[in-house]
Amino acid sequence: MKSMTFSTRLLERIPRVQGVKTFRFERIKKYEFTAGQWFVLTIPEDDGYLTKHFTHSSSPTEGYIELTTRLTGSQFKNTLDALPVGTEVEIEGPFGDFTLREGAERVVFLTGGIGITPVRSILRFMADSGDHRDVTLFFGNKDRESIVFRSELESFATHLPDLKVVHVLSDAPPDWEGYSGYVTGEILEAELGDAGDRTYYVSGPPAMVSAMKDLLKARGVGRREMVLENFEGY
């Protein structure tokens with residue numbers, strides 16, 4: 001889809017988990033995007049403007065534009081979090097190809113933390129549009145309380161019968177019955193069996209993406225079967 005630049009306004013901010021919020025913006029009718037793409041946001045600041053790129057955490061089936069981000073204390077994030085509702089901002093987009101490939105009937109998502117945002121966009125679109133392809137999501141987090149979109153991911157099972165969500169916690173509590181530590185080849189083997197005939201989507205910080213890429217290569221996955229999205233400087 002062709003990118004465009006337009007003015008819009010902040011509608012609301014929604015707390016998700018500790019240190020993570022969703023920012024919802026008005027979506028003009030002409031703006032179209034594909035689930036999983038990203039955009040550039042420009043916001044007003046005392047001495048001018050600040051610009052940063054974000055993935056859509058919303059789906060094209062929803063009537064607004066959302067980004068979901070970790071509030072890191074940076075100048076941009078602090079300014080964004082302090083914007084009054086109704087503030088005019090500028091959006092340029094969409095960009096990126098972290099999107100569902102036509103013909104990819106068996107999909108695996110590998111992500112951690114705030115890297116879930118494009119995956120949420122895609123899964124919401126699949127649930128809304130009746131796309132029932134086979135999907136397995138491996139989602140790494142520190143603990144239960146840090147799982148962004150946890151309840152929504154659970155609700156997707158109602159609409160996506162072939163979706164399997166595999167949580168992996170690095171700081172799992174004693175009563176945790178799932179996987180602990182980090183996503184490993186052993187976990188992929190246990191949940192997927194052989195690596196073939198799948199398309200693998202990896203999103204998150206560069207170090208995480210690089211580690212997952214190496215893990216997949218070790219399992220015999222070719223680069224053409226990988227779709228990578230680095231969250232640089234998030």
# chains A, B, ... in the order shown; residues from 1 in each chain; ligands from 1
>>> select_by_dssp(residues="range 14-233 of chain A", states="strand (DSSP E or B)", output="MDAnalysis selection string")
chainID A and resid 14:17 20:26 38:45 48:55 64:70 88:95 106:112 134:141 163:169 179:180 199:204 226:230
>>> closest_atom_pairs(of="range 8-101 of chain A", to="range 125-128 of chain A", cutoff="8 Å", atoms="only C-alpha atoms", output="JSON lines")
{"residue": "A:Ala35", "atom": "CA", "partner": "A:Phe125", "partner_atom": "CA", "distance": 6.6}
{"residue": "A:Ser59", "atom": "CA", "partner": "A:Phe125", "partner_atom": "CA", "distance": 5.3}
{"residue": "A:Pro60", "atom": "CA", "partner": "A:Phe125", "partner_atom": "CA", "distance": 6.8}
{"residue": "A:Thr61", "atom": "CA", "partner": "A:Phe125", "partner_atom": "CA", "distance": 6.2}
>>> write_last_selection(atoms="C-alpha atoms", output="PDB file, in the first residue's frame")
ATOM      1  CA  ALA A  35      -1.581  -6.040   9.676  1.00  0.00           C
ATOM      2  CA  SER A  59      -5.589  -4.279  13.076  1.00  0.00           C
ATOM      3  CA  PRO A  60      -6.882  -2.841   9.786  1.00  0.00           C
ATOM      4  CA  THR A  61     -10.284  -4.148  10.928  1.00  0.00           C
TER       5      THR A  61
END
>>> select_by_dssp(residues="range 153-193 of chain A", states="helix (DSSP H, G or I)", output="list in words")
Leu153, Glu154, Ser155, Phe156, Ala157, Thr158, His159, Gly185, Glu186, Ile187, Leu188, Glu189, Ala190, Glu191 and Leu192 of chain A
>>> closest_atom_pairs(of="range 70-150 of chain A", to="range 4-27 of chain A", cutoff="12 Å", atoms="only C-alpha atoms", output="tab-separated table")
residue	atom	partner	partner_atom	distance
A:Arg70	CA	A:Val20	CA	4.4
A:Leu71	CA	A:Gly19	CA	5.4
A:Thr72	CA	A:Gly19	CA	7.7
A:Gly73	CA	A:Gly19	CA	9.7
A:Lys77	CA	A:Lys21	CA	10.3
A:Asn78	CA	A:Gly19	CA	11.6
A:Leu80	CA	A:Phe23	CA	8.7
A:Asp81	CA	A:Arg13	CA	8.0
A:Ala82	CA	A:Arg13	CA	10.1
A:Leu83	CA	A:Leu10	CA	8.0
A:Pro84	CA	A:Leu10	CA	7.7
A:Val85	CA	A:Leu10	CA	5.3
A:Gly86	CA	A:Leu10	CA	5.0
A:Thr87	CA	A:Arg9	CA	5.3
A:Glu88	CA	A:Arg9	CA	4.3
A:Val89	CA	A:Thr8	CA	5.5
A:Glu90	CA	A:Ser7	CA	4.5
A:Ile91	CA	A:Phe6	CA	5.6
A:Glu92	CA	A:Thr5	CA	4.2
A:Gly93	CA	A:Met4	CA	5.5
A:Pro94	CA	A:Met4	CA	7.4
A:Phe95	CA	A:Met4	CA	9.9
A:Gly113	CA	A:Val20	CA	9.8
A:Ile114	CA	A:Val20	CA	8.2
A:Gly115	CA	A:Val20	CA	11.9
A:Ile116	CA	A:Val20	CA	11.9
A:Thr117	CA	A:Thr22	CA	10.0
A:Asn141	CA	A:Val17	CA	11.8
A:Lys142	CA	A:Gln18	CA	11.9
A:Asp143	CA	A:Val17	CA	11.2
A:Arg144	CA	A:Val17	CA	10.0
A:Glu145	CA	A:Val17	CA	6.8
A:Ser146	CA	A:Val17	CA	5.9
A:Ile147	CA	A:Val17	CA	7.3
A:Val148	CA	A:Val17	CA	6.2
A:Phe149	CA	A:Arg16	CA	7.2
A:Arg150	CA	A:Arg16	CA	9.4
>>> residues_around(residues="Val119 in chain A", least_positions_apart="6", cutoff="8 Å", atoms="only C-alpha atoms", output="list of chain:residue names")
A:Gly36, A:Ser57, A:Phe109
>>> write_last_selection(atoms="C-alpha atoms", output="PDB file, in the first residue's frame")
ATOM      1  CA  GLY A  36       1.982  -6.063  11.005  1.00  0.00           C
ATOM      2  CA  SER A  57      -0.590  -2.867  17.378  1.00  0.00           C
ATOM      3  CA  PHE A 109       5.691 -16.365  15.605  1.00  0.00           C
TER       4      PHE A 109
END
>>> closest_atom_pairs(of="range 50-166 of chain A", to="range 176-189 of chain A", cutoff="9 Å", atoms="only C-alpha atoms", output="CSV")
residue,atom,partner,partner_atom,distance
A:Leu110,CA,A:Val183,CA,8.4
A:Phe138,CA,A:Val183,CA,7.5
A:Phe139,CA,A:Val183,CA,8.3
A:Gly140,CA,A:Tyr182,CA,6.6
A:Asn141,CA,A:Tyr182,CA,8.6
A:Lys142,CA,A:Gly181,CA,8.8
A:Val166,CA,A:Gly178,CA,7.9
>>> write_last_selection(atoms="N, CA and C atoms", output="PDB file, in the first residue's frame")
ATOM      1  N   LEU A 110       7.770 -15.931  16.770  1.00  0.00           N
ATOM      2  CA  LEU A 110       8.729 -15.982  17.873  1.00  0.00           C
ATOM      3  C   LEU A 110       8.952 -14.552  18.335  1.00  0.00           C
ATOM      4  N   PHE A 138       5.203 -18.382  20.060  1.00  0.00           N
ATOM      5  CA  PHE A 138       6.099 -18.523  21.204  1.00  0.00           C
ATOM      6  C   PHE A 138       6.350 -17.117  21.742  1.00  0.00           C
ATOM      7  N   PHE A 139       5.965 -16.890  23.002  1.00  0.00           N
ATOM      8  CA  PHE A 139       5.996 -15.539  23.566  1.00  0.00           C
ATOM      9  C   PHE A 139       6.788 -15.549  24.868  1.00  0.00           C
ATOM     10  N   GLY A 140       7.975 -14.933  24.838  1.00  0.00           N
ATOM     11  CA  GLY A 140       8.836 -14.882  26.010  1.00  0.00           C
ATOM     12  C   GLY A 140       8.640 -13.612  26.820  1.00  0.00           C
ATOM     13  N   ASN A 141       8.537 -13.763  28.136  1.00  0.00           N
ATOM     14  CA  ASN A 141       8.395 -12.637  29.046  1.00  0.00           C
ATOM     15  C   ASN A 141       9.092 -12.960  30.362  1.00  0.00           C
ATOM     16  N   LYS A 142       9.204 -11.940  31.221  1.00  0.00           N
ATOM     17  CA  LYS A 142       9.828 -12.149  32.520  1.00  0.00           C
ATOM     18  C   LYS A 142       8.930 -12.962  33.443  1.00  0.00           C
ATOM     19  N   VAL A 166       2.279 -20.401  23.211  1.00  0.00           N
ATOM     20  CA  VAL A 166       3.240 -21.038  24.113  1.00  0.00           C
ATOM     21  C   VAL A 166       3.994 -19.942  24.857  1.00  0.00           C
TER      22      VAL A 166
END
>>> residues_around(residues="Leu228 in chain A", least_positions_apart="2", cutoff="8 Å", atoms="only C-alpha atoms", output="NGL selection string")
:A and (98 or 201-203 or 209 or 226 or 230)
>>> closest_residue(among="A:Asp131, A:Glu154, A:Val227, A:Thr55", to="Thr68 in chain A", atoms="only C-alpha atoms")
A:Thr55
>>> closest_residue(among="A:Lys2, A:Val221, A:Pro118, A:Val108", to="Thr69 in chain A", atoms="only C-alpha atoms")
A:Pro118
>>> atom_distance(atom1="CA of His167 in chain A", atom2="CA of Thr199 in chain A")
19.4 Å
>>> closest_residue(among="A:Leu67, A:Met212, A:Gly112, A:Ile43", to="Val168 in chain A", atoms="only C-alpha atoms")
A:Gly112
>>> atom_distance(atom1="CA of Phe156 in chain A", atom2="CA of Arg120 in chain A")
10.0 Å
